[in-house]
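One structure below.
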Amino acid sequence: MHLHDVWFVLIAVLWTGYFFLEGFDFGIGILTKPLARDRAERRVLINTIGPVWDGNEVWLLTAGGATFAAFPDWYATLFSGFYLPLLVILVCLIVRGVAFEYRAKRDDERWQRNWEHAIFWTSLLPAFLWGVAFANIVHGVKIDAHKEYVGGFWDLLNGYALLGGAVTLALFTFHGAVFASLKTVGPIRERARAFATRLGAVAAVLAVAFLTWTQADSGNVRSLVALLVAAVALALAIGANTVGREGWSFAFSGVTIAATVAMFFLSLFPDVMPSSLDGAWSLTVGNASATPYTLRIMTWCAAIATPLVLLYQGWTYWVFRKRIGTQHIAAAGPAAGASAGPAAGPSAGRPVEGAR
């Protein structure tokens, strides 16, 4: 196996980690409107991801940086051709981070409500647009002989891509609902579980339609295996949630997302960005990669840094593993509002029950 093949796999792993972690992160942001019934419950939901949301976004930075260094032509074509949707995602992530940090700075209902609106929309839009972007990558876009994207913005909004966006939106929201039931106690936990059951059915229908379309369009034997794993894992996630096994449900929903991302990359390989104009103009792991020397240096750096990052992030999740509820939220007030912000996380109150 060549180093450019290894880095294709590593980039797939990085995107898998990002969508697994940021998936429930986005889902929680979306659920602050349909699931939470008052300010205290919205604070509970936000606090479930308070200690980890910024760490989850590191996976995106690493995936983007690895693509830039390992496959510069892929990076250049992707970020120039998908400039507008990726810009919208970037702006959403910036505003979302500011909303988490600034929402609790003032004990003013209008101030907090506006930032909560921002959290909702800046979670929903990226969850949808990431699906649109990856669906277009798998399906193929207009790339010419010079490795340049020659299509327009509206070419990206085709039926297949929009269905891909609906799938990621539904899967991430389901993932977030399961995470909410895993991390909370009281009525919000029960509502999250019921919401996850209903949403899981919708996600299953959309996912089966999209993954079947993907398999028929560009699939192979490897991607078919990933499709079957995704379908079985989603069914198990819904079933485990129904009987109250939130831990198992969260694990299986994560496997669903991982298998879906794996299917994307297995359908692509050896291409990294197929051309819909001429297959000979497609970007591949061979013609889009950096030099072997660059890939060797990157491999040594990744071998040293990656285990450290995984250990640190795993430790963070272990420390903040307890459940929280509205009884752990301090009474409204300027000091309480600040302490209940994302930095405080679940430690804003004394958790009463371990995650199972």
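In the structure tokens, chains take letters A, B, ... by order of appearance, with residues numbered from 1 within each chain and ligands from 1 in the order shown.
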Per DSSP on the backbone, what are the strand (DSSP E or B) residues of segment 165-340 of chain A, as a list in words?
Thr184, Asp271, Val272, Met273, Ser275, Leu283, Thr284, Lys322 and Ile324 of chain A
Using N, CA, C and O atoms, can you write the selected residues to a file as a PDB file, in the first residue's frame?
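again_28.pdb, freshly written:
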```
ATOM      1  N   THR A 184     -28.824  13.078  30.550  1.00  0.00           N
ATOM      2  CA  THR A 184     -29.740  13.858  31.376  1.00  0.00           C
ATOM      3  C   THR A 184     -30.573  12.955  32.276  1.00  0.00           C
ATOM      4  O   THR A 184     -30.619  11.732  32.100  1.00  0.00           O
ATOM      5  N   ASP A 271     -10.685   7.282  -6.488  1.00  0.00           N
ATOM      6  CA  ASP A 271     -10.916   8.712  -6.714  1.00  0.00           C
ATOM      7  C   ASP A 271     -10.999   9.433  -5.373  1.00  0.00           C
ATOM      8  O   ASP A 271     -11.348   8.838  -4.349  1.00  0.00           O
ATOM      9  N   VAL A 272     -10.698  10.724  -5.394  1.00  0.00           N
ATOM     10  CA  VAL A 272     -10.975  11.568  -4.239  1.00  0.00           C
ATOM     11  C   VAL A 272     -12.027  12.615  -4.599  1.00  0.00           C
ATOM     12  O   VAL A 272     -12.705  13.149  -3.720  1.00  0.00           O
ATOM     13  N   MET A 273     -12.174  12.876  -5.902  1.00  0.00           N
ATOM     14  CA  MET A 273     -13.192  13.806  -6.368  1.00  0.00           C
ATOM     15  C   MET A 273     -13.474  13.490  -7.839  1.00  0.00           C
ATOM     16  O   MET A 273     -12.760  13.953  -8.732  1.00  0.00           O
ATOM     17  N   SER A 275     -14.895  13.391 -11.618  1.00  0.00           N
ATOM     18  CA  SER A 275     -15.384  14.374 -12.584  1.00  0.00           C
ATOM     19  C   SER A 275     -16.609  13.814 -13.288  1.00  0.00           C
ATOM     20  O   SER A 275     -16.595  12.676 -13.788  1.00  0.00           O
ATOM     21  N   LEU A 283     -10.025  13.515  -9.994  1.00  0.00           N
ATOM     22  CA  LEU A 283      -8.901  13.563  -9.074  1.00  0.00           C
ATOM     23  C   LEU A 283      -8.818  12.232  -8.334  1.00  0.00           C
ATOM     24  O   LEU A 283      -9.828  11.748  -7.810  1.00  0.00           O
ATOM     25  N   THR A 284      -7.630  11.645  -8.292  1.00  0.00           N
ATOM     26  CA  THR A 284      -7.437  10.353  -7.654  1.00  0.00           C
ATOM     27  C   THR A 284      -6.390  10.466  -6.550  1.00  0.00           C
ATOM     28  O   THR A 284      -5.715  11.498  -6.415  1.00  0.00           O
ATOM     29  N   LYS A 322     -21.023  12.148  33.808  1.00  0.00           N
ATOM     30  CA  LYS A 322     -22.228  12.036  34.622  1.00  0.00           C
ATOM     31  C   LYS A 322     -23.441  12.686  33.962  1.00  0.00           C
ATOM     32  O   LYS A 322     -23.320  13.536  33.078  1.00  0.00           O
ATOM     33  N   ILE A 324     -26.907  15.045  34.048  1.00  0.00           N
ATOM     34  CA  ILE A 324     -27.358  16.266  34.714  1.00  0.00           C
ATOM     35  C   ILE A 324     -28.843  16.477  34.426  1.00  0.00           C
ATOM     36  O   ILE A 324     -29.418  15.882  33.512  1.00  0.00           O
TER      37      ILE A 324
END
```
For the alpha helix (DSSP H) assignment from backbone DSSP, which residues of segment 145-261 of chain A qualify? Please present them as a VMD selection string.
chain A and resid 159 to 183 187 to 218 221 to 242 246 to 261
Given the selection you just returned, output its residues as a file containing C-alpha atoms, formatted as a compact mmCIF listing (two decimals), in the first residue's frame.
```txt
# COMPACT_ATOMS: atom_id res chain seq x y z
CA GLY A 159 -31.75 15.95 -5.85
CA TYR A 160 -29.12 13.45 -4.71
CA ALA A 161 -27.17 16.09 -2.76
CA LEU A 162 -30.29 17.50 -1.10
CA LEU A 163 -31.27 13.99 -0.01
CA GLY A 164 -27.75 13.57 1.38
CA GLY A 165 -28.20 16.77 3.38
CA ALA A 166 -31.53 15.55 4.74
CA VAL A 167 -29.88 12.26 5.80
CA THR A 168 -27.03 13.88 7.73
CA LEU A 169 -29.47 16.32 9.34
CA ALA A 170 -31.75 13.48 10.46
CA LEU A 171 -28.90 11.21 11.61
CA PHE A 172 -27.14 13.95 13.56
CA THR A 173 -30.37 15.04 15.25
CA PHE A 174 -31.15 11.42 16.15
CA HIS A 175 -27.59 11.02 17.45
CA GLY A 176 -28.06 14.17 19.54
CA ALA A 177 -31.39 12.99 20.95
CA VAL A 178 -29.83 9.70 22.05
CA PHE A 179 -26.92 11.61 23.58
CA ALA A 180 -29.39 13.87 25.42
CA SER A 181 -31.19 10.85 26.89
CA LEU A 182 -27.80 9.39 27.87
CA LYS A 183 -26.63 12.57 29.62
CA PRO A 187 -38.54 14.58 32.22
CA ILE A 188 -36.10 15.86 29.59
CA ARG A 189 -34.50 12.43 29.44
CA GLU A 190 -37.86 10.75 28.80
CA ARG A 191 -38.80 13.27 26.11
CA ALA A 192 -35.40 12.88 24.46
CA ARG A 193 -35.88 9.12 24.30
CA ALA A 194 -39.36 9.46 22.81
CA PHE A 195 -38.14 12.06 20.33
CA ALA A 196 -35.25 9.79 19.31
CA THR A 197 -37.65 6.93 18.60
CA ARG A 198 -39.78 9.04 16.26
CA LEU A 199 -36.79 10.67 14.59
CA GLY A 200 -35.03 7.32 14.18
CA ALA A 201 -37.84 6.09 11.96
CA VAL A 202 -37.53 9.18 9.74
CA ALA A 203 -33.75 8.85 9.62
CA ALA A 204 -34.04 5.17 8.68
CA VAL A 205 -36.28 5.88 5.69
CA LEU A 206 -34.06 8.71 4.43
CA ALA A 207 -30.83 6.79 5.03
CA VAL A 208 -31.99 3.64 3.26
CA ALA A 209 -33.11 5.66 0.23
CA PHE A 210 -29.88 7.66 0.05
CA LEU A 211 -27.46 4.80 0.69
CA THR A 212 -29.26 2.57 -1.82
CA TRP A 213 -29.00 5.37 -4.40
CA THR A 214 -25.31 5.74 -3.58
CA GLN A 215 -24.69 2.02 -3.97
CA ALA A 216 -26.51 1.93 -7.31
CA ASP A 217 -24.71 5.04 -8.56
CA SER A 218 -21.09 4.40 -7.55
CA VAL A 221 -18.71 -4.76 -2.81
CA ARG A 222 -16.87 -2.88 -0.03
CA SER A 223 -19.42 -0.07 0.06
CA LEU A 224 -22.25 -2.62 0.09
CA VAL A 225 -20.82 -4.10 3.30
CA ALA A 226 -20.71 -0.59 4.82
CA LEU A 227 -24.32 -0.03 3.74
CA LEU A 228 -25.48 -3.20 5.47
CA VAL A 229 -23.55 -2.31 8.63
CA ALA A 230 -25.13 1.17 8.67
CA ALA A 231 -28.65 -0.24 8.19
CA VAL A 232 -28.28 -2.89 10.92
CA ALA A 233 -26.64 -0.46 13.35
CA LEU A 234 -29.41 2.11 12.89
CA ALA A 235 -32.07 -0.53 13.52
CA LEU A 236 -30.24 -1.63 16.67
CA ALA A 237 -29.87 1.98 17.81
CA ILE A 238 -33.60 2.58 17.47
CA GLY A 239 -34.40 -0.70 19.24
CA ALA A 240 -31.98 -0.05 22.11
CA ASN A 241 -33.39 3.44 22.57
CA THR A 242 -36.92 2.06 22.69
CA GLU A 246 -29.21 4.72 25.98
CA GLY A 247 -25.56 3.69 26.10
CA TRP A 248 -26.02 0.94 23.54
CA SER A 249 -28.25 3.17 21.44
CA PHE A 250 -25.61 5.90 21.36
CA ALA A 251 -22.91 3.38 20.41
CA PHE A 252 -25.01 1.97 17.57
CA SER A 253 -25.99 5.42 16.29
CA GLY A 254 -22.28 6.24 16.23
CA VAL A 255 -21.62 3.05 14.24
CA THR A 256 -24.34 4.14 11.81
CA ILE A 257 -22.60 7.45 11.20
CA ALA A 258 -19.18 5.78 10.94
CA ALA A 259 -20.46 3.20 8.44
CA THR A 260 -22.14 5.92 6.38
CA VAL A 261 -18.90 7.92 6.16
```
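Distance annotation: of A:Tyr317, A:Phe265, A:Trp59, A:Tyr83, the residue with the minimal separation from Phe20 of chain A is A:Trp59; atom set is only C-alpha atoms.
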